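The structure file target_30.cif is reproduced below (mmCIF, N, CA and C atoms).
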data_query
loop_
_atom_site.label_atom_id
_atom_site.label_comp_id
_atom_site.auth_asym_id
_atom_site.auth_seq_id
_atom_site.Cartn_x
_atom_site.Cartn_y
_atom_site.Cartn_z
N MET A 1 -21.31 -18.64 -2.86
CA MET A 1 -19.96 -18.30 -3.26
C MET A 1 -19.50 -17.05 -2.49
N ASP A 2 -18.31 -17.11 -1.91
CA ASP A 2 -17.76 -15.98 -1.17
C ASP A 2 -17.20 -14.96 -2.15
N HIS A 3 -17.63 -13.72 -2.00
CA HIS A 3 -17.18 -12.65 -2.89
C HIS A 3 -16.16 -11.75 -2.23
N THR A 4 -15.42 -12.27 -1.27
CA THR A 4 -14.43 -11.49 -0.55
C THR A 4 -13.05 -12.11 -0.74
N LEU A 5 -12.10 -11.27 -1.07
CA LEU A 5 -10.69 -11.66 -1.12
C LEU A 5 -9.99 -10.90 -0.01
N THR A 6 -9.07 -11.55 0.69
CA THR A 6 -8.36 -10.87 1.77
C THR A 6 -6.86 -11.05 1.61
N ALA A 7 -6.12 -10.10 2.15
CA ALA A 7 -4.66 -10.18 2.16
C ALA A 7 -4.14 -9.39 3.35
N GLU A 8 -2.99 -9.79 3.83
CA GLU A 8 -2.31 -9.06 4.90
C GLU A 8 -1.01 -8.49 4.34
N ILE A 9 -0.78 -7.23 4.62
CA ILE A 9 0.42 -6.55 4.16
C ILE A 9 1.21 -6.10 5.38
N ASP A 10 2.43 -6.58 5.49
CA ASP A 10 3.30 -6.24 6.62
C ASP A 10 4.28 -5.15 6.19
N GLY A 11 4.04 -3.95 6.67
CA GLY A 11 4.89 -2.83 6.32
C GLY A 11 6.27 -2.86 6.93
N ALA A 12 6.50 -3.77 7.87
CA ALA A 12 7.82 -3.88 8.48
C ALA A 12 8.81 -4.54 7.53
N GLU A 13 8.29 -5.24 6.54
CA GLU A 13 9.14 -5.92 5.56
C GLU A 13 9.38 -5.02 4.36
N PRO A 14 10.58 -5.06 3.78
CA PRO A 14 10.81 -4.31 2.54
C PRO A 14 10.15 -5.04 1.38
N PRO A 15 9.89 -4.34 0.30
CA PRO A 15 9.35 -5.03 -0.88
C PRO A 15 10.29 -6.14 -1.33
N THR A 16 9.72 -7.26 -1.68
CA THR A 16 10.47 -8.41 -2.18
C THR A 16 9.78 -8.92 -3.43
N PRO A 17 10.46 -9.72 -4.23
CA PRO A 17 9.78 -10.34 -5.38
C PRO A 17 8.56 -11.16 -4.93
N ALA A 18 8.64 -11.80 -3.77
CA ALA A 18 7.50 -12.58 -3.27
C ALA A 18 6.32 -11.68 -2.94
N ALA A 19 6.57 -10.50 -2.37
CA ALA A 19 5.49 -9.55 -2.05
C ALA A 19 4.83 -9.03 -3.33
N VAL A 20 5.65 -8.74 -4.34
CA VAL A 20 5.12 -8.29 -5.62
C VAL A 20 4.25 -9.39 -6.23
N LYS A 21 4.74 -10.62 -6.20
CA LYS A 21 4.00 -11.75 -6.76
C LYS A 21 2.68 -11.98 -6.01
N ALA A 22 2.70 -11.85 -4.69
CA ALA A 22 1.49 -12.05 -3.90
C ALA A 22 0.44 -10.98 -4.22
N LEU A 23 0.86 -9.73 -4.33
CA LEU A 23 -0.09 -8.66 -4.65
C LEU A 23 -0.61 -8.82 -6.07
N ALA A 24 0.25 -9.20 -7.00
CA ALA A 24 -0.19 -9.44 -8.38
C ALA A 24 -1.18 -10.60 -8.44
N GLY A 25 -0.94 -11.65 -7.64
CA GLY A 25 -1.86 -12.78 -7.59
C GLY A 25 -3.22 -12.38 -7.05
N LEU A 26 -3.23 -11.53 -6.03
CA LEU A 26 -4.49 -11.02 -5.50
C LEU A 26 -5.24 -10.25 -6.58
N CYS A 27 -4.52 -9.42 -7.32
CA CYS A 27 -5.14 -8.65 -8.41
C CYS A 27 -5.68 -9.59 -9.49
N ASP A 28 -4.93 -10.64 -9.81
CA ASP A 28 -5.41 -11.63 -10.80
C ASP A 28 -6.74 -12.22 -10.37
N ARG A 29 -6.81 -12.64 -9.10
CA ARG A 29 -8.04 -13.26 -8.59
C ARG A 29 -9.20 -12.26 -8.61
N ALA A 30 -8.92 -11.01 -8.26
CA ALA A 30 -9.96 -9.98 -8.25
C ALA A 30 -10.46 -9.70 -9.67
N GLU A 31 -9.55 -9.61 -10.61
CA GLU A 31 -9.94 -9.34 -12.00
C GLU A 31 -10.72 -10.51 -12.59
N ASP A 32 -10.39 -11.72 -12.18
CA ASP A 32 -11.11 -12.90 -12.66
C ASP A 32 -12.57 -12.89 -12.23
N ARG A 33 -12.89 -12.20 -11.16
CA ARG A 33 -14.26 -12.14 -10.64
C ARG A 33 -15.10 -11.07 -11.33
N GLY A 34 -14.49 -10.30 -12.20
CA GLY A 34 -15.24 -9.33 -12.99
C GLY A 34 -15.87 -8.19 -12.21
N GLY A 35 -15.32 -7.82 -11.11
CA GLY A 35 -15.83 -6.68 -10.35
C GLY A 35 -16.82 -7.02 -9.27
N SER A 36 -17.12 -8.28 -9.09
CA SER A 36 -18.08 -8.69 -8.07
C SER A 36 -17.37 -8.98 -6.76
N GLY A 37 -17.77 -8.29 -5.68
CA GLY A 37 -17.18 -8.55 -4.37
C GLY A 37 -16.32 -7.42 -3.87
N VAL A 38 -15.52 -7.75 -2.87
CA VAL A 38 -14.65 -6.76 -2.23
C VAL A 38 -13.31 -7.39 -1.88
N VAL A 39 -12.27 -6.58 -1.94
CA VAL A 39 -10.93 -6.99 -1.51
C VAL A 39 -10.67 -6.30 -0.18
N ILE A 40 -10.38 -7.11 0.85
CA ILE A 40 -10.09 -6.56 2.17
C ILE A 40 -8.60 -6.72 2.44
N LEU A 41 -7.95 -5.62 2.76
CA LEU A 41 -6.51 -5.60 2.99
C LEU A 41 -6.24 -5.21 4.44
N HIS A 42 -5.61 -6.09 5.18
CA HIS A 42 -5.21 -5.79 6.56
C HIS A 42 -3.77 -5.29 6.49
N VAL A 43 -3.55 -4.04 6.88
CA VAL A 43 -2.22 -3.44 6.77
C VAL A 43 -1.74 -3.00 8.14
N THR A 44 -0.50 -3.31 8.43
CA THR A 44 0.12 -2.89 9.68
C THR A 44 1.63 -3.04 9.54
N GLY A 45 2.35 -2.39 10.41
CA GLY A 45 3.81 -2.51 10.42
C GLY A 45 4.48 -1.36 9.71
N ALA A 46 5.65 -1.02 10.20
CA ALA A 46 6.45 0.03 9.59
C ALA A 46 7.90 -0.43 9.58
N PRO A 47 8.64 -0.09 8.54
CA PRO A 47 10.02 -0.55 8.42
C PRO A 47 10.97 0.10 9.41
N ALA A 48 12.06 -0.61 9.68
CA ALA A 48 13.14 -0.08 10.52
C ALA A 48 13.94 0.94 9.71
N GLY A 49 14.85 1.62 10.36
CA GLY A 49 15.61 2.71 9.77
C GLY A 49 16.29 2.45 8.45
N ASP A 50 16.99 1.34 8.29
CA ASP A 50 17.79 1.14 7.07
C ASP A 50 17.18 0.11 6.13
N TRP A 51 15.90 -0.05 6.15
CA TRP A 51 15.24 -1.10 5.38
C TRP A 51 15.36 -0.92 3.87
N ALA A 52 15.54 0.29 3.37
CA ALA A 52 15.57 0.53 1.93
C ALA A 52 16.95 0.31 1.32
N GLY A 53 17.95 0.00 2.13
CA GLY A 53 19.32 -0.12 1.64
C GLY A 53 19.53 -1.16 0.55
N GLY A 54 18.83 -2.28 0.59
CA GLY A 54 19.04 -3.34 -0.39
C GLY A 54 18.10 -3.30 -1.58
N LEU A 55 17.29 -2.27 -1.67
CA LEU A 55 16.32 -2.21 -2.77
C LEU A 55 16.97 -1.67 -4.03
N ASP A 56 16.45 -2.12 -5.18
CA ASP A 56 16.91 -1.55 -6.44
C ASP A 56 15.71 -0.95 -7.18
N VAL A 57 15.99 -0.15 -8.17
CA VAL A 57 14.95 0.57 -8.89
C VAL A 57 13.97 -0.40 -9.56
N MET A 58 14.47 -1.50 -10.08
CA MET A 58 13.61 -2.45 -10.78
C MET A 58 12.56 -3.06 -9.82
N LEU A 59 13.00 -3.43 -8.62
CA LEU A 59 12.07 -4.02 -7.66
C LEU A 59 11.05 -2.99 -7.18
N VAL A 60 11.49 -1.78 -6.91
CA VAL A 60 10.57 -0.72 -6.48
C VAL A 60 9.56 -0.44 -7.59
N SER A 61 10.00 -0.43 -8.83
CA SER A 61 9.09 -0.21 -9.96
C SER A 61 8.05 -1.32 -10.07
N LYS A 62 8.49 -2.56 -9.90
CA LYS A 62 7.54 -3.68 -9.94
C LYS A 62 6.52 -3.59 -8.81
N TRP A 63 7.00 -3.23 -7.61
CA TRP A 63 6.08 -3.08 -6.48
C TRP A 63 5.06 -1.99 -6.79
N GLU A 64 5.52 -0.85 -7.27
CA GLU A 64 4.61 0.26 -7.54
C GLU A 64 3.63 -0.09 -8.65
N ARG A 65 4.05 -0.84 -9.66
CA ARG A 65 3.11 -1.28 -10.70
C ARG A 65 2.02 -2.16 -10.11
N ALA A 66 2.40 -3.04 -9.17
CA ALA A 66 1.41 -3.90 -8.52
C ALA A 66 0.43 -3.06 -7.69
N VAL A 67 0.92 -2.04 -7.00
CA VAL A 67 0.05 -1.17 -6.21
C VAL A 67 -0.88 -0.38 -7.12
N ARG A 68 -0.38 0.12 -8.24
CA ARG A 68 -1.24 0.85 -9.18
C ARG A 68 -2.31 -0.07 -9.76
N ARG A 69 -1.95 -1.32 -9.98
CA ARG A 69 -2.92 -2.30 -10.47
C ARG A 69 -4.02 -2.51 -9.42
N LEU A 70 -3.63 -2.62 -8.15
CA LEU A 70 -4.60 -2.74 -7.06
C LEU A 70 -5.54 -1.53 -7.05
N GLU A 71 -4.97 -0.38 -7.27
CA GLU A 71 -5.73 0.88 -7.27
C GLU A 71 -6.82 0.88 -8.34
N ARG A 72 -6.60 0.18 -9.44
CA ARG A 72 -7.52 0.19 -10.58
C ARG A 72 -8.41 -1.05 -10.66
N LEU A 73 -8.43 -1.87 -9.62
CA LEU A 73 -9.23 -3.09 -9.67
C LEU A 73 -10.72 -2.78 -9.88
N PRO A 74 -11.43 -3.69 -10.58
CA PRO A 74 -12.87 -3.50 -10.75
C PRO A 74 -13.66 -3.77 -9.47
N MET A 75 -13.06 -4.45 -8.50
CA MET A 75 -13.71 -4.71 -7.21
C MET A 75 -13.41 -3.56 -6.26
N ALA A 76 -14.28 -3.36 -5.29
CA ALA A 76 -14.01 -2.37 -4.25
C ALA A 76 -12.87 -2.87 -3.38
N THR A 77 -12.00 -1.97 -2.95
CA THR A 77 -10.90 -2.34 -2.05
C THR A 77 -11.07 -1.60 -0.73
N LEU A 78 -10.91 -2.34 0.35
CA LEU A 78 -11.06 -1.81 1.70
C LEU A 78 -9.78 -2.12 2.47
N ALA A 79 -9.11 -1.10 2.97
CA ALA A 79 -7.89 -1.30 3.76
C ALA A 79 -8.19 -1.01 5.22
N LEU A 80 -7.81 -1.94 6.07
CA LEU A 80 -7.98 -1.81 7.52
C LEU A 80 -6.61 -1.71 8.16
N ALA A 81 -6.31 -0.59 8.78
CA ALA A 81 -4.99 -0.36 9.37
C ALA A 81 -5.07 -0.32 10.88
N HIS A 82 -3.98 -0.81 11.51
CA HIS A 82 -3.84 -0.66 12.96
C HIS A 82 -2.37 -0.60 13.29
N GLY A 83 -2.05 0.08 14.38
CA GLY A 83 -0.65 0.24 14.79
C GLY A 83 0.09 1.15 13.82
N GLU A 84 1.39 0.96 13.77
CA GLU A 84 2.19 1.74 12.82
C GLU A 84 1.93 1.23 11.42
N CYS A 85 1.87 2.14 10.47
CA CYS A 85 1.57 1.78 9.08
C CYS A 85 2.51 2.58 8.18
N GLY A 86 3.52 1.90 7.66
CA GLY A 86 4.50 2.54 6.79
C GLY A 86 4.96 1.58 5.71
N GLY A 87 5.85 2.04 4.85
CA GLY A 87 6.39 1.18 3.80
C GLY A 87 5.31 0.60 2.91
N MET A 88 5.37 -0.71 2.69
CA MET A 88 4.40 -1.39 1.82
C MET A 88 2.98 -1.24 2.36
N ALA A 89 2.82 -1.28 3.68
CA ALA A 89 1.49 -1.17 4.27
C ALA A 89 0.87 0.20 3.96
N LEU A 90 1.66 1.26 4.05
CA LEU A 90 1.16 2.60 3.75
C LEU A 90 0.81 2.71 2.27
N ASP A 91 1.65 2.17 1.40
CA ASP A 91 1.37 2.20 -0.04
C ASP A 91 0.00 1.60 -0.33
N VAL A 92 -0.25 0.42 0.21
CA VAL A 92 -1.51 -0.29 -0.04
C VAL A 92 -2.67 0.44 0.62
N PHE A 93 -2.48 0.93 1.84
CA PHE A 93 -3.53 1.67 2.55
C PHE A 93 -4.00 2.86 1.72
N LEU A 94 -3.07 3.64 1.20
CA LEU A 94 -3.41 4.84 0.45
C LEU A 94 -4.01 4.53 -0.91
N ALA A 95 -3.74 3.35 -1.46
CA ALA A 95 -4.25 2.98 -2.78
C ALA A 95 -5.66 2.40 -2.73
N ALA A 96 -6.15 2.06 -1.55
CA ALA A 96 -7.47 1.44 -1.41
C ALA A 96 -8.59 2.46 -1.65
N ASP A 97 -9.74 1.94 -2.05
CA ASP A 97 -10.91 2.80 -2.25
C ASP A 97 -11.43 3.35 -0.93
N ILE A 98 -11.47 2.48 0.08
CA ILE A 98 -11.96 2.86 1.40
C ILE A 98 -10.88 2.53 2.41
N ARG A 99 -10.56 3.50 3.28
CA ARG A 99 -9.50 3.33 4.27
C ARG A 99 -10.09 3.50 5.66
N VAL A 100 -9.88 2.50 6.51
CA VAL A 100 -10.36 2.55 7.89
C VAL A 100 -9.16 2.33 8.80
N ALA A 101 -8.97 3.22 9.75
CA ALA A 101 -7.83 3.12 10.66
C ALA A 101 -8.32 3.02 12.10
N ALA A 102 -7.72 2.10 12.85
CA ALA A 102 -8.00 1.99 14.28
C ALA A 102 -7.46 3.23 14.98
N LEU A 103 -7.92 3.46 16.17
CA LEU A 103 -7.50 4.65 16.92
C LEU A 103 -5.99 4.69 17.17
N ASP A 104 -5.35 3.53 17.24
CA ASP A 104 -3.91 3.49 17.52
C ASP A 104 -3.04 3.60 16.27
N THR A 105 -3.63 3.87 15.12
CA THR A 105 -2.88 3.88 13.86
C THR A 105 -2.04 5.14 13.72
N ARG A 106 -0.80 4.94 13.28
CA ARG A 106 0.11 6.05 12.93
C ARG A 106 0.61 5.81 11.52
N LEU A 107 0.35 6.73 10.62
CA LEU A 107 0.83 6.63 9.24
C LEU A 107 2.24 7.21 9.21
N LEU A 108 3.20 6.43 8.74
CA LEU A 108 4.60 6.84 8.77
C LEU A 108 5.21 6.78 7.37
N VAL A 109 5.71 7.93 6.90
CA VAL A 109 6.45 7.99 5.65
C VAL A 109 7.91 7.88 6.02
N HIS A 110 8.53 6.77 5.67
CA HIS A 110 9.89 6.50 6.11
C HIS A 110 10.94 7.02 5.14
N GLY A 111 12.07 7.32 5.69
CA GLY A 111 13.22 7.76 4.92
C GLY A 111 14.48 7.38 5.65
N ASP A 112 15.61 7.70 5.06
CA ASP A 112 16.89 7.35 5.67
C ASP A 112 17.61 8.57 6.24
N GLY A 113 16.89 9.66 6.41
CA GLY A 113 17.51 10.88 6.93
C GLY A 113 17.80 11.90 5.85
N SER A 114 18.01 11.41 4.62
CA SER A 114 18.28 12.34 3.53
C SER A 114 17.21 12.29 2.45
N ALA A 115 16.43 11.23 2.42
CA ALA A 115 15.37 11.10 1.41
C ALA A 115 14.27 10.21 1.97
N THR A 116 13.07 10.38 1.42
CA THR A 116 11.95 9.54 1.84
C THR A 116 11.84 8.33 0.91
N TRP A 117 10.99 7.41 1.29
CA TRP A 117 10.72 6.21 0.50
C TRP A 117 10.32 6.63 -0.92
N PRO A 118 10.90 6.00 -1.95
CA PRO A 118 10.69 6.46 -3.32
C PRO A 118 9.38 6.01 -3.96
N GLY A 119 8.45 5.47 -3.20
CA GLY A 119 7.17 5.06 -3.76
C GLY A 119 6.25 6.26 -3.99
N MET A 120 5.01 5.95 -4.28
CA MET A 120 4.03 6.98 -4.60
C MET A 120 3.23 7.43 -3.38
N ALA A 121 3.62 7.03 -2.17
CA ALA A 121 2.87 7.38 -0.97
C ALA A 121 2.72 8.89 -0.83
N GLY A 122 3.79 9.63 -1.06
CA GLY A 122 3.71 11.09 -0.96
C GLY A 122 2.71 11.68 -1.93
N PHE A 123 2.73 11.20 -3.17
CA PHE A 123 1.77 11.67 -4.17
C PHE A 123 0.35 11.35 -3.75
N ARG A 124 0.13 10.12 -3.27
CA ARG A 124 -1.22 9.72 -2.86
C ARG A 124 -1.69 10.53 -1.65
N LEU A 125 -0.78 10.82 -0.73
CA LEU A 125 -1.13 11.66 0.42
C LEU A 125 -1.57 13.05 -0.03
N VAL A 126 -0.86 13.62 -0.99
CA VAL A 126 -1.22 14.94 -1.50
C VAL A 126 -2.61 14.89 -2.14
N GLN A 127 -2.89 13.84 -2.89
CA GLN A 127 -4.20 13.71 -3.53
C GLN A 127 -5.32 13.60 -2.50
N LEU A 128 -5.05 12.95 -1.38
CA LEU A 128 -6.08 12.73 -0.35
C LEU A 128 -6.19 13.89 0.64
N ALA A 129 -5.07 14.49 1.02
CA ALA A 129 -5.09 15.48 2.10
C ALA A 129 -4.71 16.89 1.67
N GLY A 130 -4.20 17.04 0.46
CA GLY A 130 -3.77 18.35 0.00
C GLY A 130 -2.27 18.56 0.22
N ALA A 131 -1.71 19.44 -0.57
CA ALA A 131 -0.26 19.66 -0.56
C ALA A 131 0.24 20.24 0.76
N ALA A 132 -0.44 21.24 1.28
CA ALA A 132 0.05 21.91 2.49
C ALA A 132 0.03 20.97 3.69
N ARG A 133 -1.05 20.24 3.89
CA ARG A 133 -1.13 19.30 5.02
C ARG A 133 -0.08 18.20 4.89
N THR A 134 0.08 17.69 3.69
CA THR A 134 1.06 16.62 3.49
C THR A 134 2.47 17.13 3.72
N ARG A 135 2.78 18.30 3.23
CA ARG A 135 4.12 18.89 3.43
C ARG A 135 4.43 19.02 4.91
N ARG A 136 3.48 19.55 5.68
CA ARG A 136 3.69 19.70 7.13
C ARG A 136 3.90 18.33 7.80
N ALA A 137 3.10 17.35 7.41
CA ALA A 137 3.19 16.02 8.03
C ALA A 137 4.49 15.32 7.68
N VAL A 138 4.92 15.41 6.42
CA VAL A 138 6.11 14.69 5.98
C VAL A 138 7.38 15.37 6.44
N LEU A 139 7.42 16.69 6.38
CA LEU A 139 8.63 17.39 6.77
C LEU A 139 8.73 17.52 8.27
#

Produce structure tokens that represent the structure in this file.
Amino acid sequence: MDHTLTAEIDGAEPPTPAAVKALAGLCDRAEDRGGSGVVILHVTGAPAGDWAGGLDVMLVSKWERAVRRLERLPMATLALAHGECGGMALDVFLAADIRVAALDTRLLVHGDGSATWPGMAGFRLVQLAGAARTRRAVL
């Protein structure tokens, strides 16, 4: 029996109900296994400048709930990043237990010029790298 679950997260796409459903389905399958195995997440892509324009608070909240659920899975989670990594890809990358980035990886916190993406990426970055380093990187 294969104890590995895999998923690909494209950060170039904005969160959609389908993306929320796919991540929730992955979490369902992982929880059904009772903690045995590993979840491998391939993350890449970063959104274009105005990608957050059509989002609403309800969809962003559902996406973030799915990411928090991923964060608390009983299985180990491994995120593999390459290229630009922003938006949904960055959210998932930062929520994983183990994060591996290729040499060409750039972590990008996107915004529209007046505000950054309203997800928890900034909070997770502070938890991983500290407030001062994250402030310098984001600003």

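Among the candidates A:Ala48, A:Val57, A:Ile9, A:Leu108, the residue lying nearest to Val92 of chain A is A:Ile9 (atoms considered: all atoms listed in the file).
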
Next on the checklist: Between atom CA of Ala22 of chain A and atom CA of Leu94 of chain A, what distance in Å does the model show, to one decimal?
Outcome noted: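 Straight-line distance from atom CA of Ala22 of chain A to atom CA of Leu94 of chain A works out to 18.1 Å.
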
Next on the checklist: List the spatial neighbours of Thr4 of chain A as a ChimeraX atom specification - criterion: any atom at most 6 Å away, all atoms listed in the file, same-chain residues fewer than 2 positions off excluded.
Outcome noted: /A:2,6,37-40

Checklist entry - Can you tell me, as a ChimeraX atom specification, what residues are no more than 8 Å from Cys27 of chain A when counting only N, CA and C atoms, ignoring any on the same chain fewer than 3 positions away? => result /A:21-24,30-33,66,69-70,73

Next on the checklist: What does the structure give for the distance between atom CA of His3 of chain A and atom CA of Pro74 of chain A, in Å to one decimal?
Outcome noted: 12.8 Å

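Proximity to Ala89 of chain A was assessed for A:Val43, A:Leu107, A:Ala7, A:Ala19 counting only C-alpha atoms; the smallest distance is recorded for A:Val43.
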
Next on the checklist: Need the shell around Thr77 of chain A: protein/DNA/RNA residues with any atom at most 5 Å away, counting all atoms listed in the file. Skip same-chain ones fewer than 5 positions apart. Format as a list in words?
Outcome noted: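 After dropping sequence-adjacent residues, the list is Val39, Ala96, Asp97 and Ile98 of chain A.
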
Checklist entry - Between A:Gly34, A:Pro17, A:Gly11, A:Gly83, which is the closest to Asp56 of chain A once you count only C-alpha atoms? => result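 Closest candidate: A:Pro17.
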
Checklist entry - For the atom pair atom CA of Ala12 of chain A and atom CA of Asp104 of chain A, what is the interatomic distance in Å to one decimal place? => result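 Computing it gives 16.5 Å between the two atoms.
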
Enclosing box along x, y and z for every listed atom of segment 69-80 of chain A, padded 5 Å each side, centre and size in Å, one decimal, as lines of an AutoDock Vina configuration file:
center_x = -8.1
center_y = -1.9
center_z = -1.3
size_x = 22.3
size_y = 15.6
size_z = 28.9

Item to check | For Ala95 of chain A, the nearest of the candidates A:Leu55, A:Ala81, A:Leu26, A:Val67, counting only C-alpha atoms | outcome: A:Val67

Checklist entry - Can you list, as a PyMOL selection string, every residue of segment 15-88 of chain A that DSSP puts in helix (DSSP H, G or I)? => result chain A and resi 17-32+51-54+57-71+87-88

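Using only C-alpha atoms, the shortest contact distance between Phe93 of chain A and any of A:Glu71, A:Ala76, A:Gly54, A:Gly35 is found at A:Glu71.
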
Item to check | Selection dump of the PyMOL selection byres ((chain A and resi 82) around 7), as a count of residues only | outcome: 16
